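Novice: Enclosed is the structure file run-v8.cif (mmCIF, C-alpha atoms).
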data_query
loop_
_atom_site.label_atom_id
_atom_site.label_comp_id
_atom_site.auth_asym_id
_atom_site.auth_seq_id
_atom_site.Cartn_x
_atom_site.Cartn_y
_atom_site.Cartn_z
CA MET A 1115 -5.41 6.31 18.72
CA ASP A 1116 -1.66 6.24 18.49
CA VAL A 1117 0.10 7.26 15.25
CA PHE A 1118 3.83 6.64 15.09
CA ARG A 1119 5.49 9.51 13.21
CA ALA A 1120 8.83 8.27 11.91
CA LYS A 1121 11.73 10.60 11.14
CA ASP A 1122 13.47 8.37 8.60
CA PHE A 1123 13.68 4.75 7.41
CA ALA A 1124 15.76 3.67 10.39
CA ASP A 1125 13.19 5.15 12.76
CA LEU A 1126 10.35 3.52 10.81
CA ILE A 1127 11.88 0.08 11.40
CA THR A 1128 11.36 0.52 15.15
CA PHE A 1129 7.60 0.41 14.56
CA ARG A 1130 7.82 -3.37 14.94
CA HIS A 1131 8.29 -2.70 18.69
CA HIS A 1132 5.47 -0.16 18.79
CA GLU A 1133 1.79 -0.86 19.47
CA GLY A 1134 0.36 1.99 17.42
CA GLN A 1135 -2.29 1.42 14.75
CA LEU A 1136 -0.43 3.38 12.10
CA ALA A 1137 3.13 4.42 11.30
CA VAL A 1138 3.77 7.28 8.86
CA LEU A 1139 7.00 8.49 7.35
CA GLY A 1140 6.36 11.76 5.53
CA ARG A 1141 8.55 12.23 2.46
CA GLN A 1142 9.09 14.70 -0.34
CA PRO A 1143 8.70 13.34 -3.89
CA LEU A 1144 11.80 12.78 -5.96
CA ASN A 1145 12.35 15.44 -8.59
CA GLY A 1146 11.26 14.69 -12.15
CA GLY A 1147 8.42 12.31 -11.43
CA ASP A 1148 5.34 14.33 -12.43
CA GLU A 1149 5.44 13.70 -16.18
CA PHE A 1150 6.64 10.11 -15.66
CA PHE A 1151 3.76 9.22 -13.35
CA GLN A 1152 1.14 10.96 -15.46
CA LYS A 1153 2.13 8.75 -18.38
CA LEU A 1154 2.44 5.63 -16.22
CA ALA A 1155 -0.99 6.18 -14.67
CA GLY A 1156 -2.49 5.76 -18.13
CA ILE A 1157 -1.17 2.20 -18.35
CA PRO A 1158 -3.31 -0.44 -16.58
CA LEU A 1159 -0.97 -1.98 -14.01
CA ASN A 1160 -1.48 -4.80 -11.54
CA VAL A 1161 1.99 -6.16 -10.94
CA ILE A 1162 2.25 -8.87 -8.29
CA GLY A 1163 5.36 -10.75 -7.28
CA MET A 1164 8.04 -11.43 -4.70
CA VAL A 1165 10.91 -9.07 -3.94
CA SER A 1166 14.01 -10.20 -2.07
CA LYS A 1167 15.92 -8.05 0.39
CA THR A 1168 19.21 -9.00 -1.28
CA THR A 1169 18.14 -8.55 -4.92
CA GLY A 1170 15.39 -5.96 -4.64
CA ILE A 1171 16.32 -3.74 -7.59
CA GLU A 1172 16.82 -6.70 -9.92
CA ASP A 1173 13.54 -8.29 -8.82
CA ILE A 1174 11.54 -5.11 -9.36
CA LEU A 1175 13.13 -4.46 -12.75
CA SER A 1176 12.17 -7.99 -13.75
CA LEU A 1177 8.57 -7.59 -12.52
CA LEU A 1178 8.16 -4.33 -14.43
CA GLU A 1179 10.05 -5.37 -17.57
CA ASP A 1180 7.00 -6.21 -19.68
CA GLU A 1181 4.61 -3.81 -17.95
CA ILE A 1182 6.18 -0.42 -18.62
CA THR A 1183 6.84 1.13 -22.02
CA GLU A 1184 10.36 1.46 -23.33
CA ASP A 1185 10.20 5.25 -23.43
CA LEU A 1186 9.39 5.37 -19.70
CA LYS A 1187 12.10 2.84 -18.86
CA SER A 1188 14.64 4.96 -20.76
CA THR A 1189 14.08 8.03 -18.55
CA PRO A 1190 16.62 8.78 -15.78
CA PHE A 1191 13.78 8.96 -13.26
CA TYR A 1192 12.80 5.32 -13.80
CA ILE A 1193 15.83 3.76 -12.13
CA GLU A 1194 15.67 6.30 -9.30
CA TRP A 1195 12.08 5.26 -8.67
CA VAL A 1196 12.96 1.56 -8.81
CA LYS A 1197 15.67 2.19 -6.22
CA ASP A 1198 13.09 3.86 -3.99
CA LEU A 1199 10.72 0.90 -4.41
CA ALA A 1200 13.56 -1.42 -3.41
CA ASP A 1201 14.44 0.72 -0.39
CA VAL A 1202 10.84 0.60 0.82
CA CYS A 1203 10.78 -3.18 0.32
CA ASN A 1204 13.99 -3.52 2.35
CA VAL A 1205 12.53 -1.51 5.21
CA PHE A 1206 9.43 -3.68 5.36
CA CYS A 1207 11.57 -6.81 5.25
CA ASP A 1208 13.39 -5.49 8.32
CA ILE A 1209 10.12 -4.68 10.08
CA LEU A 1210 8.66 -8.13 9.40
CA GLU A 1211 12.05 -9.79 9.92
CA THR A 1212 11.79 -11.68 6.65
CA ARG A 1213 14.05 -12.05 3.62
CA ASN A 1214 11.31 -11.56 1.00
CA ILE A 1215 8.23 -9.41 0.67
CA GLY A 1216 4.97 -9.66 -1.26
CA PHE A 1217 4.91 -6.83 -3.83
CA CYS A 1218 1.90 -5.29 -5.59
CA LEU A 1219 1.97 -2.18 -7.78
CA ALA A 1220 -1.34 -1.09 -9.28
CA THR A 1221 -2.96 1.85 -11.02
CA GLU A 1222 -6.53 1.02 -9.99
CA ARG A 1223 -7.79 1.06 -6.41
CA ALA A 1224 -11.20 -0.26 -5.41
CA CYS A 1225 -11.40 -0.27 -1.58
CA GLN A 1226 -14.40 2.04 -1.41
CA ARG A 1227 -15.72 0.96 2.00
CA TYR A 1228 -13.90 1.71 5.23
CA HIS A 1229 -12.14 -1.46 6.32
CA VAL A 1230 -9.41 -3.00 8.43
CA ASP A 1231 -6.80 -5.17 6.75
CA ASN A 1232 -6.93 -8.86 7.63
CA VAL A 1233 -3.16 -8.98 8.02
CA PRO A 1234 -0.89 -8.08 10.96
CA LEU A 1235 0.85 -5.26 9.03
CA ARG A 1236 0.51 -3.78 5.53
CA LEU A 1237 2.64 -1.07 3.93
CA LEU A 1238 1.20 1.44 1.46
CA VAL A 1239 2.81 4.17 -0.64
CA THR A 1240 0.82 6.27 -3.10
CA TYR A 1241 3.29 7.57 -5.66
CA HIS A 1242 0.70 9.35 -7.79
CA GLY A 1243 -2.79 10.50 -6.91
CA GLN A 1244 -4.39 11.11 -3.55
CA GLY A 1245 -3.12 9.05 -0.64
CA THR A 1246 -5.16 6.65 1.46
CA GLU A 1247 -7.98 8.08 3.57
CA TRP A 1248 -8.08 7.01 7.20
CA ILE A 1249 -10.17 7.89 10.24
CA PRO A 1250 -9.27 7.89 13.94
CA ASP A 1251 -11.28 5.74 16.33
CA SER A 1252 -12.94 8.88 17.73
CA ALA A 1253 -14.73 9.36 14.42
CA VAL A 1254 -15.83 5.73 13.95
CA ASP A 1255 -18.99 3.82 14.80
CA ARG A 1256 -17.44 0.36 15.14
CA MET A 1257 -20.79 -1.35 15.54
CA ALA A 1258 -21.92 0.11 12.22
CA TYR A 1259 -18.70 -1.12 10.60
CA GLU A 1260 -18.93 -4.61 12.08
CA SER A 1261 -22.59 -4.95 11.06
CA GLY A 1262 -21.74 -4.18 7.43
CA MET A 1263 -23.31 -0.75 7.22
CA PRO A 1264 -22.21 1.82 4.58
CA ASN A 1265 -19.58 4.51 5.02
CA GLU A 1266 -22.17 7.16 5.88
CA LYS A 1267 -23.07 5.22 9.02
CA ILE A 1268 -19.49 4.28 9.92
CA LEU A 1269 -18.07 7.81 9.78
CA LEU A 1270 -19.29 9.98 12.65
CA ASN A 1271 -17.43 13.18 11.78
CA ARG A 1272 -16.20 14.01 8.27
CA GLU A 1273 -13.96 16.74 9.67
CA GLU A 1274 -11.77 14.12 11.35
CA ARG A 1275 -10.84 12.34 8.14
CA GLU A 1276 -7.12 12.21 7.37
CA PHE A 1277 -5.33 11.63 4.06
CA LEU A 1278 -1.82 10.40 3.45
CA ASN A 1279 0.32 12.48 1.10
CA ALA A 1280 1.95 11.21 -2.07
CA TRP A 1281 5.23 9.40 -1.30
CA ASP A 1282 4.37 8.97 2.40
CA VAL A 1283 5.27 5.51 3.65
CA ALA A 1284 2.41 4.21 5.80
CA ILE A 1285 2.18 0.95 7.74
CA PHE A 1286 -1.30 -0.04 8.89
CA ARG A 1287 -1.76 -2.53 11.68
CA GLY A 1288 -4.59 -4.89 10.83
CA GLY A 1289 -6.83 -7.14 12.83
CA LYS A 1290 -9.78 -6.46 15.10
CA ASN A 1291 -8.45 -3.18 16.50
CA GLY A 1292 -6.87 -1.91 13.29
CA LEU A 1293 -7.38 1.54 11.86
CA LEU A 1294 -10.26 2.00 9.42
CA HIS A 1295 -9.18 3.31 6.03
CA ARG A 1296 -10.29 3.37 2.39
CA THR A 1297 -9.43 4.50 -1.12
CA PRO A 1298 -10.37 8.21 -1.39
CA ASP A 1299 -13.06 9.19 -3.88
CA THR A 1300 -10.63 10.87 -6.28
CA ALA A 1301 -8.56 7.68 -6.53
CA LEU A 1302 -11.71 5.66 -7.22
CA GLU A 1303 -12.51 7.94 -10.15
CA TYR A 1304 -9.03 8.48 -11.59
CA PRO A 1305 -5.95 6.24 -11.99
CA SER A 1306 -3.25 6.50 -9.38
CA ILE A 1307 -0.12 4.52 -8.57
CA LEU A 1308 -0.15 2.55 -5.33
CA LEU A 1309 2.51 0.28 -3.88
CA ARG A 1310 1.25 -2.34 -1.43
CA LEU A 1311 3.57 -4.64 0.49
CA ASP A 1312 2.62 -7.69 2.55
CA HIS A 1313 4.32 -10.58 4.27
CA GLU A 1314 5.88 -13.01 1.79
CA THR A 1315 3.17 -15.61 2.50
CA PHE A 1316 0.27 -13.28 1.65
CA TRP A 1317 -0.02 -13.82 -2.11
CA ASN A 1318 0.71 -17.53 -1.78
CA ASN A 1319 -2.32 -17.79 0.50
CA VAL A 1320 -4.46 -15.66 -1.82
CA PHE A 1321 -3.62 -17.78 -4.86
CA LYS A 1322 -4.03 -21.02 -2.89
CA ASN A 1323 -7.49 -19.96 -1.71
CA SER A 1324 -8.41 -18.90 -5.23
CA GLU A 1325 -7.36 -22.27 -6.64
CA SER A 1326 -9.27 -24.06 -3.90
CA THR A 1327 -12.44 -22.08 -4.72
CA THR A 1328 -12.02 -22.81 -8.44
CA ASP A 1329 -11.59 -26.53 -7.75
CA GLN A 1330 -14.73 -26.58 -5.60
CA GLU A 1331 -16.74 -24.74 -8.26
CA SER A 1332 -15.66 -27.22 -10.93
CA VAL A 1333 -16.84 -30.24 -8.96
#
Please express what this file holds, its structure, as structure tokens.
Specialist:
Amino acid sequence: MDVFRAKDFADLITFRHHEGQLAVLGRQPLNGGDEFFQKLAGIPLNVIGMVSKTTGIEDILSLLEDEITEDLKSTPFYIEWVKDLADVCNVFCDILETRNIGFCLATERACQRYHVDNVPLRLLVTYHGQGTEWIPDSAVDRMAYESGMPNEKILLNREEREFLNAWDVAIFRGGKNGLLHRTPDTALEYPSILLRLDHETFWNNVFKNSESTTDQESV
């Protein structure tokens, strides 16, 4: 398994020319976020929308306008965090060579089973709570995974599990040979704050498929 360890955002962009299953940019949290995120984690969030490379900050402020309390929006940390969200969106736009990105910010995570994303690339940042759990191919029984068996059968060696840190920027390559990962147990039990970015067409396809299913069920 090949993990691409990026040194900075500019280095992370070069992952588009790399064949690794995972890219990770380790980062230190911005100062002043602990109290902010503890309060925010208590608010049910599932914010979905589109963020443009040219108007990222404005787009994110608009998406969060009615979702975050006024006292949190009035803190100095809030705009610093929004700027970071926009920076991460810009980087993924550069990697995917697109002008817009599909944005999802949520406080609940439910991917309990090890899985591979059914997308070419997906970016994840856990701002609060435990980061995504992933396992190298050496610790995986792929046949057990592909046959729908539970985690206990998929994972061959618990000691080889890895966890992303808070604020790490991670890009998972999806598809047949993608890296198996899941929401860690602590994040299943307690609220966290996860940013997920996808290609701009992702949510359009999700909503289109959902509408198609609804139409079929109403016939």
Novice: To one decimal place in Å, what is the distance between atom CA of A:Thr1221 and atom CA of A:Lys1121?
Specialist: 28.0 Å
Novice: Restricting the calculation to all atoms listed in the file, which member of A:Phe1286, A:Gly1146, A:Glu1133, A:Phe1217 is positioned closest to A:Asn1318?
Specialist: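 Once distances to A:Asn1318 are computed over all atoms listed in the file, the minimum belongs to A:Phe1217.
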Novice: Counting only C-alpha atoms, figure out which residue out of A:Glu1149, A:Gly1170, A:Leu1144, A:Thr1212 gets nearest to A:Glu1194.
Specialist: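 Closest to A:Glu1194 of all the choices is A:Leu1144.
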Novice: If the PyMOL selection byres ((chain A and resi 1234) around 9) is run on the structure shown, which residues does it catch, given as number ranges by chain?
Specialist: A: 1231-1233, 1235-1236, 1286-1289, 1292, 1313
Novice: Could you spell out the hits of the PyMOL selection byres ((chain A and resi 1310) around 9) on the shown file, as a ChimeraX atom specification?
Specialist: /A:1216-1220,1236-1240,1308-1309,1311-1312
Novice: Excluding same-chain residues fewer than 4 positions from stretch 1256-1271 of chain A, what lies within 10 Å of it counting all atoms listed in the file, as a list in words?
Specialist: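 With the cut-off at 10 Å, the set is Gln1226, Arg1227, Tyr1228, His1229, Val1230, Ile1249, Pro1250, Asp1251, Ser1252, Arg1275, Lys1290, Asn1291, Leu1294 and Arg1296 of chain A.
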Novice: Just give me the gap between atom CA of A:His1295 and atom CA of A:Lys1167 in Å, one decimal is fine.
Specialist: 28.1 Å
Novice: Would you list the contacts of A:Leu1278 as a ChimeraX atom specification, taking every protein, DNA or RNA residue within 9 Å and counting only C-alpha atoms, but skipping same-chain residues closer than 6 positions in sequence?
Specialist: /A:1138,1140,1239-1240,1244-1248,1284
